[in-house]
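S.K.: Would you mind keeping the following structure in view while I ask a few things?
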Amino acid sequence: MTVVTQDRVKKQAAHHKRAATDHRRTPEMAQNLTAWQRYKLIWGYEVQNAVFRLVRRLPGINIDRARLEPLKSDHPHLTRWRKRPFGIPGKPAALADIPWDYIREHEDTIPFLGLREYWYPAMQSRDLYHNEPKPVTLLGDNLVFFRDANGKACALEDRCPHRSPLLSLGQVGVVAPGTITCRYHGMTFDGTGACVAFIADGPDSPACTTMRARTYPVEEFGGVIWVYMGDKEPEPLMKALPYAKDVFSHDTIIVSRNPLPFNHLNLLDNSADVAHPGILHRSCLLFAGQKVSGQVAVEEMENGGLMAKFVDDVPHPGAMHLDCTEWHLPNFIFHHPGDLGGDIGFGYAWVVPNDIGNSTFWIVLAVTKEKRWQRVLTAKMLDALSGKFASLSSSILGCLDGGDVPMMTSQGRVARWDLDRLARIDRGIIAARKKLKAAHAAERAEREAAGRPHPRIAPPLPPPG
Ligand code: FES
Ligand SMILES: [Fe+2]
């Protein structure tokens, strides 16, 4: 005899109700959902996953060791293949073109993908969470970043050595904390690139002793994750980038990262060009006192940099102006205190090649006001105003987004140096190009001597998102 209690009736009713509304069970059931049920289902999962993702980003959290999350077909790391590689609606196709013939003809002499034996900023530390892989394309290489069990940032080639899908589609912390697991068959690597498990091949998988993922040296400094892209043993970051140390040692800095849809060489010319602010940026607050013309000279500096500066005696009309620009290999620019309006402090900019048609412009400002509260207030205000520095520039200063970026975009995805007719004012650019080409030739010669010729330039991967 079955005792039917009131409780049991309630439980059974609840069960039937759940079964009737559990639209995951069959497609037919899914057809019969009300709008409200669909809404609840979708948002229930979304909220659940969002909370889950948020919590597991915290250091030391490893709550899902046995669980592989479902991979959505609109995963952000995959959308790059869904979008048209270049050109967006409303933009002329001419802006989207990559001049492959020109590139093939000159790739031996012009570093279209940058110089390799250098440290580059990859992302801000705050953007690399725990338990979450992050893909970045640098110098044409696809990398995946993640944090190991100690929270240290690591970078591997974004390709599973087994059958080549993206490792960045995998998951961190499934096999052990701080390891990344390929989603295809479960090959798992630690931060040193060693294969620590191959789930599909069983616990005694011999692959673990032979397989390795390619790694890149990584250092974290000044709230930025730096990666060395060369093949040689790198100099420690602090030694290789003495200026970075100066800038980042200030207690108040603002870092902004601006992805740009053209080759880094478009930016090279812009960085070494002291003659354009008086014309292009004349409506921009920062260059309010800039004169419109002048003679430009170039000086080789003892520290290996190039200084392009105005040499004539005509003074700038106002306090805010740019007299000179200091340019260093591989492509970074240093503005001394005073160059940028004096009140802010040191300014640094790194140009990072991503692939043949994309680059990233990093701007670092060190606020050097006298009192700490002034520094903090200025930094907070700039940060609040900017979010991304590009928008600050565009709306407040009108320099980068409202000035340089349209110019450089309209030069084409890869500016054609062979069509340029350079003039007196371009002495800084001529010297910088020469230096860059010489460094490229030296790198190529060294690689060839070591039996590792420079890789041919591959068509780019469209940016994610
Ligand atoms: S492709 Fe990565 S584990 Fe098989
Ligand atoms: Fe500019």
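Each chain of the structure tokens is named A, B, ... in the order shown, its residues numbered from 1; ligands are numbered from 1 in display order.
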Using only C-alpha atoms, determine which residues lie at most 12 Å from Val136 of chain A, disregarding the query and same-chain residues fewer than 5 positions distant; provide the list as an NGL selection string.
M.R.: :A and (77 or 120-124 or 127-128 or 141-146 or 155-158 or 166-168 or 225-227 or 259 or 352-355 or 358-360 or 461-465)
S.K.: Mind writing the picked residues with C-alpha atoms as a PDB file, in the first residue's frame?
M.R.:
```pdb
ATOM      1  CA  HIS A  77      37.290  33.843 -29.844  1.00  0.00           C
ATOM      2  CA  TYR A 120      56.134  44.140 -26.462  1.00  0.00           C
ATOM      3  CA  PRO A 121      53.181  45.035 -24.255  1.00  0.00           C
ATOM      4  CA  ALA A 122      50.456  42.430 -24.817  1.00  0.00           C
ATOM      5  CA  MET A 123      47.650  43.454 -22.475  1.00  0.00           C
ATOM      6  CA  GLN A 124      46.989  45.102 -19.150  1.00  0.00           C
ATOM      7  CA  ASP A 127      42.505  42.095 -18.375  1.00  0.00           C
ATOM      8  CA  LEU A 128      43.968  38.655 -17.718  1.00  0.00           C
ATOM      9  CA  ASP A 141      51.789  35.132 -34.235  1.00  0.00           C
ATOM     10  CA  ASN A 142      48.678  33.932 -32.431  1.00  0.00           C
ATOM     11  CA  LEU A 143      49.284  33.648 -28.696  1.00  0.00           C
ATOM     12  CA  VAL A 144      47.126  32.529 -25.819  1.00  0.00           C
ATOM     13  CA  PHE A 145      47.697  34.009 -22.365  1.00  0.00           C
ATOM     14  CA  PHE A 146      46.544  32.529 -19.077  1.00  0.00           C
ATOM     15  CA  ALA A 155      51.900  32.723 -23.050  1.00  0.00           C
ATOM     16  CA  LEU A 156      51.732  29.733 -25.385  1.00  0.00           C
ATOM     17  CA  GLU A 157      51.275  29.531 -29.111  1.00  0.00           C
ATOM     18  CA  ASP A 158      47.524  29.593 -29.649  1.00  0.00           C
ATOM     19  CA  LEU A 166      42.953  27.230 -31.012  1.00  0.00           C
ATOM     20  CA  LEU A 167      44.040  26.580 -27.456  1.00  0.00           C
ATOM     21  CA  SER A 168      42.271  29.789 -26.495  1.00  0.00           C
ATOM     22  CA  ILE A 225      51.892  42.003 -19.347  1.00  0.00           C
ATOM     23  CA  TRP A 226      54.971  42.040 -21.593  1.00  0.00           C
ATOM     24  CA  VAL A 227      55.971  39.303 -23.991  1.00  0.00           C
ATOM     25  CA  PRO A 259      43.636  48.911 -31.235  1.00  0.00           C
ATOM     26  CA  VAL A 352      52.741  47.181 -31.391  1.00  0.00           C
ATOM     27  CA  PRO A 353      52.257  45.267 -34.652  1.00  0.00           C
ATOM     28  CA  ASN A 354      49.417  42.754 -34.381  1.00  0.00           C
ATOM     29  CA  ASP A 355      49.259  41.495 -37.928  1.00  0.00           C
ATOM     30  CA  ASN A 358      46.202  45.789 -37.391  1.00  0.00           C
ATOM     31  CA  SER A 359      48.285  47.425 -34.709  1.00  0.00           C
ATOM     32  CA  THR A 360      47.916  48.675 -31.164  1.00  0.00           C
ATOM     33  CA  LEU A 461      43.385  36.899 -38.834  1.00  0.00           C
ATOM     34  CA  PRO A 462      40.565  39.384 -38.451  1.00  0.00           C
ATOM     35  CA  PRO A 463      40.433  40.793 -34.936  1.00  0.00           C
ATOM     36  CA  PRO A 464      38.207  38.960 -32.428  1.00  0.00           C
ATOM     37  CA  GLY A 465      34.902  40.331 -31.245  1.00  0.00           C
TER      38      GLY A 465
END
```
S.K.: Show me, as an NGL selection string, the residues that have an atom within 9 Å of Lys152 of chain A when counting only C-alpha atoms, minus same-chain residues fewer than 6 positions from it.
M.R.: :A and (146 or 178 or 191 or 218-220)
S.K.: Would you write out those residues with N, CA and C atoms, as a PDB file, in the first residue's frame?
M.R.:
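Wrote it out as again_18.pdb, contents follow:
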```pdb
ATOM      1  N   PHE A 146      47.346  32.950 -20.226  1.00  0.00           N
ATOM      2  CA  PHE A 146      46.544  32.529 -19.077  1.00  0.00           C
ATOM      3  C   PHE A 146      47.418  32.616 -17.833  1.00  0.00           C
ATOM      4  N   GLY A 178      45.591  26.294 -13.062  1.00  0.00           N
ATOM      5  CA  GLY A 178      46.632  26.943 -13.859  1.00  0.00           C
ATOM      6  C   GLY A 178      47.122  26.147 -15.046  1.00  0.00           C
ATOM      7  N   GLY A 191      51.991  26.168 -17.636  1.00  0.00           N
ATOM      8  CA  GLY A 191      52.522  27.451 -18.099  1.00  0.00           C
ATOM      9  C   GLY A 191      53.879  27.342 -18.771  1.00  0.00           C
ATOM     10  N   VAL A 218      57.387  35.791 -20.694  1.00  0.00           N
ATOM     11  CA  VAL A 218      56.419  36.802 -20.264  1.00  0.00           C
ATOM     12  C   VAL A 218      56.891  37.442 -18.966  1.00  0.00           C
ATOM     13  N   GLU A 219      56.730  38.745 -18.856  1.00  0.00           N
ATOM     14  CA  GLU A 219      56.966  39.428 -17.576  1.00  0.00           C
ATOM     15  C   GLU A 219      55.809  40.393 -17.337  1.00  0.00           C
ATOM     16  N   GLU A 220      55.547  40.623 -16.059  1.00  0.00           N
ATOM     17  CA  GLU A 220      54.455  41.528 -15.714  1.00  0.00           C
ATOM     18  C   GLU A 220      55.049  42.694 -14.955  1.00  0.00           C
TER      19      GLU A 220
END
```
S.K.: Report the distance between atom CA of Leu139 of chain A and atom CA of Phe112 of chain A in Å, rounded to one decimal place.
M.R.: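 So the two atoms, atom CA of Leu139 of chain A and atom CA of Phe112 of chain A, lie 8.8 Å apart.
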S.K.: Segment 230-294 of chain A: which residues are strand (DSSP E or B) by DSSP, as a list in words?
M.R.: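 Across segment 230-294 of chain A, those assigned strand (DSSP E or B) are Ile253, Ile254, Val255, Ser256, Arg257, Asn258, Pro259 and Leu260 of chain A.
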S.K.: Take the selection from the previous step and output its residues with N, CA and C atoms, as a PDB file, in the first residue's frame.
M.R.:
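The resulting part_16.pdb:
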```pdb
ATOM      1  N   ILE A 253      50.253  56.520 -12.857  1.00  0.00           N
ATOM      2  CA  ILE A 253      50.336  56.407 -14.309  1.00  0.00           C
ATOM      3  C   ILE A 253      48.970  56.042 -14.881  1.00  0.00           C
ATOM      4  N   ILE A 254      48.802  56.416 -16.133  1.00  0.00           N
ATOM      5  CA  ILE A 254      47.559  56.069 -16.826  1.00  0.00           C
ATOM      6  C   ILE A 254      47.963  55.297 -18.070  1.00  0.00           C
ATOM      7  N   VAL A 255      47.413  54.113 -18.195  1.00  0.00           N
ATOM      8  CA  VAL A 255      47.772  53.285 -19.343  1.00  0.00           C
ATOM      9  C   VAL A 255      46.538  53.152 -20.228  1.00  0.00           C
ATOM     10  N   SER A 256      46.713  53.367 -21.507  1.00  0.00           N
ATOM     11  CA  SER A 256      45.577  53.119 -22.392  1.00  0.00           C
ATOM     12  C   SER A 256      46.061  52.373 -23.616  1.00  0.00           C
ATOM     13  N   ARG A 257      45.172  51.521 -24.115  1.00  0.00           N
ATOM     14  CA  ARG A 257      45.534  50.607 -25.193  1.00  0.00           C
ATOM     15  C   ARG A 257      44.524  50.824 -26.320  1.00  0.00           C
ATOM     16  N   ASN A 258      45.014  51.261 -27.475  1.00  0.00           N
ATOM     17  CA  ASN A 258      44.112  51.598 -28.573  1.00  0.00           C
ATOM     18  C   ASN A 258      44.355  50.699 -29.780  1.00  0.00           C
ATOM     19  N   PRO A 259      43.465  49.737 -30.041  1.00  0.00           N
ATOM     20  CA  PRO A 259      43.636  48.911 -31.235  1.00  0.00           C
ATOM     21  C   PRO A 259      43.302  49.723 -32.491  1.00  0.00           C
ATOM     22  N   LEU A 260      44.139  49.642 -33.502  1.00  0.00           N
ATOM     23  CA  LEU A 260      43.941  50.458 -34.704  1.00  0.00           C
ATOM     24  C   LEU A 260      43.939  49.569 -35.952  1.00  0.00           C
TER      25      LEU A 260
END
```
S.K.: Residues contacting ligand 2 - anything with an atom at most 9 Å away, using only C-alpha atoms and all ligand atoms - can you give me those as a list in words?
M.R.: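 What falls inside 9 Å of ligand 2 is Asn270, Ser271, Asp273, Val274, His276, Pro277, Leu280, His281, Cys399, Leu400, Gly403, Asp404 and Val405 of chain A.
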S.K.: Could you build a table of the residues in chain A lying no more than 9 Å from ligand 1, giving for each the nearest pair of atoms and their separation in Å rounded to one decimal place, using only C-alpha atoms and all ligand atoms, ordered by chain and ascending residue number, as a tab-separated table?
M.R.:
```
residue	atom	partner	partner_atom_place_in_ligand_line	distance
A:Arg159	CA	ligand 1	2 (Fe)	8.0
A:Cys160	CA	ligand 1	2 (Fe)	4.7
A:Pro161	CA	ligand 1	2 (Fe)	6.6
A:His162	CA	ligand 1	1 (S)	4.6
A:Arg163	CA	ligand 1	1 (S)	3.9
A:Ser164	CA	ligand 1	1 (S)	5.6
A:Pro165	CA	ligand 1	1 (S)	5.7
A:Leu166	CA	ligand 1	2 (Fe)	8.0
A:Leu167	CA	ligand 1	2 (Fe)	7.3
A:Gly170	CA	ligand 1	2 (Fe)	8.7
A:Thr181	CA	ligand 1	3 (S)	7.7
A:Cys182	CA	ligand 1	2 (Fe)	4.7
A:Arg183	CA	ligand 1	2 (Fe)	6.4
A:Tyr184	CA	ligand 1	4 (Fe)	4.8
A:His185	CA	ligand 1	3 (S)	3.7
A:Gly186	CA	ligand 1	3 (S)	4.7
A:Met187	CA	ligand 1	3 (S)	4.2
A:Thr188	CA	ligand 1	3 (S)	7.6
A:Phe198	CA	ligand 1	3 (S)	7.0
A:Ile199	CA	ligand 1	3 (S)	8.2
A:Ala200	CA	ligand 1	3 (S)	7.8
```
S.K.: Quick one: contact table of segment 251-296 of chain A to segment 414-436 of chain A, 10 Å max, nearest atom pair and distance in Å to one decimal per residue, counting only C-alpha atoms, chain and number order, as CSV?
M.R.:
```
residue,atom,partner,partner_atom,distance
A:Pro261,CA,A:Val414,CA,9.8
A:Phe262,CA,A:Val414,CA,6.3
A:Asn263,CA,A:Val414,CA,5.2
A:His264,CA,A:Val414,CA,8.2
A:Leu265,CA,A:Ala415,CA,7.1
A:Asn266,CA,A:Ala415,CA,5.7
A:Leu267,CA,A:Ala415,CA,9.5
A:Leu268,CA,A:Ala432,CA,7.8
A:Asp269,CA,A:Ile429,CA,5.4
A:Asn270,CA,A:Ile429,CA,8.0
A:Ser271,CA,A:Ile429,CA,8.3
A:Ala272,CA,A:Ile429,CA,5.3
A:Asp273,CA,A:Gly428,CA,6.0
A:Val274,CA,A:Gly428,CA,7.5
A:Ala275,CA,A:Ile425,CA,6.2
A:His276,CA,A:Ile425,CA,9.0
A:Ser293,CA,A:Ile425,CA,8.9
A:Gly294,CA,A:Ile425,CA,7.9
A:Gln295,CA,A:Ile425,CA,6.5
A:Val296,CA,A:Ile425,CA,5.6
```
S.K.: Given the choices A:Val175, A:Ala244, A:Ile180, A:Cys154, which gets closest to Tyr216 of chain A if the distance is worked out from only C-alpha atoms?
M.R.: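 Smallest separation from Tyr216 of chain A among the options: A:Cys154.
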S.K.: What is the distance, in Å and to one decimal place, between atom CA of Gly223 of chain A and atom CA of Arg126 of chain A?
M.R.: 7.2 Å
S.K.: I'd like to know which of A:Asn331, A:Thr252, A:Ser125, A:Ser283 is closest to Ala153 of chain A, using only C-alpha atoms.
M.R.: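 The answer is A:Ser125, which sits nearest to Ala153 of chain A.
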S.K.: If you count only C-alpha atoms, which residues fall within 6 Å of Ile333 of chain A, apart from same-chain ones fewer than 3 positions away, as number ranges by chain?
M.R.: A: 326-327, 348-349
S.K.: Could you check which of A:Ala207, A:Glu117, A:Gly140, A:Gly151 is closest to Ala240 of chain A, using only C-alpha atoms?
M.R.: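 For Ala240 of chain A, the nearest of the candidates is A:Glu117.
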S.K.: Please determine, counting only C-alpha atoms, which residue among A:Pro453, A:Pro315, A:Gly412, A:Pro242 has the shortest atom-to-atom distance to Phe334 of chain A.
M.R.: A:Pro242
S.K.: As a PyMOL selection string, please: all residues of segment 108-278 of chain A that backbone DSSP puts in helix (DSSP H, G or I).
M.R.: chain A and resi 125-127+167-169+199-201+207-210+237-240+242-248+264-271+277-278
S.K.: Determine the nearest neighbour of Ala438 of chain A from the options A:Gly278, A:Ile110, A:Ile103, A:Tyr243, counting only C-alpha atoms.
M.R.: A:Ile110
S.K.: So that I can check the surroundings of segment 192-196 of chain A, please list as a list in words every protein, DNA and RNA residue that reaches within 6 Å of it, counting only C-alpha atoms and ignoring chain neighbours fewer than 5 positions away.
M.R.: Cys208, Met211, Arg212, Ala213 and Thr215 of chain A
S.K.: Store the residues picked out above in a file with C-alpha atoms, as a PDB file, in the first residue's frame.
M.R.:
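The resulting again02.pdb:
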```pdb
ATOM      1  CA  CYS A 208      52.643  13.664 -22.303  1.00  0.00           C
ATOM      2  CA  MET A 211      54.398  16.891 -26.645  1.00  0.00           C
ATOM      3  CA  ARG A 212      55.132  20.527 -25.870  1.00  0.00           C
ATOM      4  CA  ALA A 213      53.409  23.754 -26.744  1.00  0.00           C
ATOM      5  CA  THR A 215      56.031  29.210 -25.136  1.00  0.00           C
TER       6      THR A 215
END
```
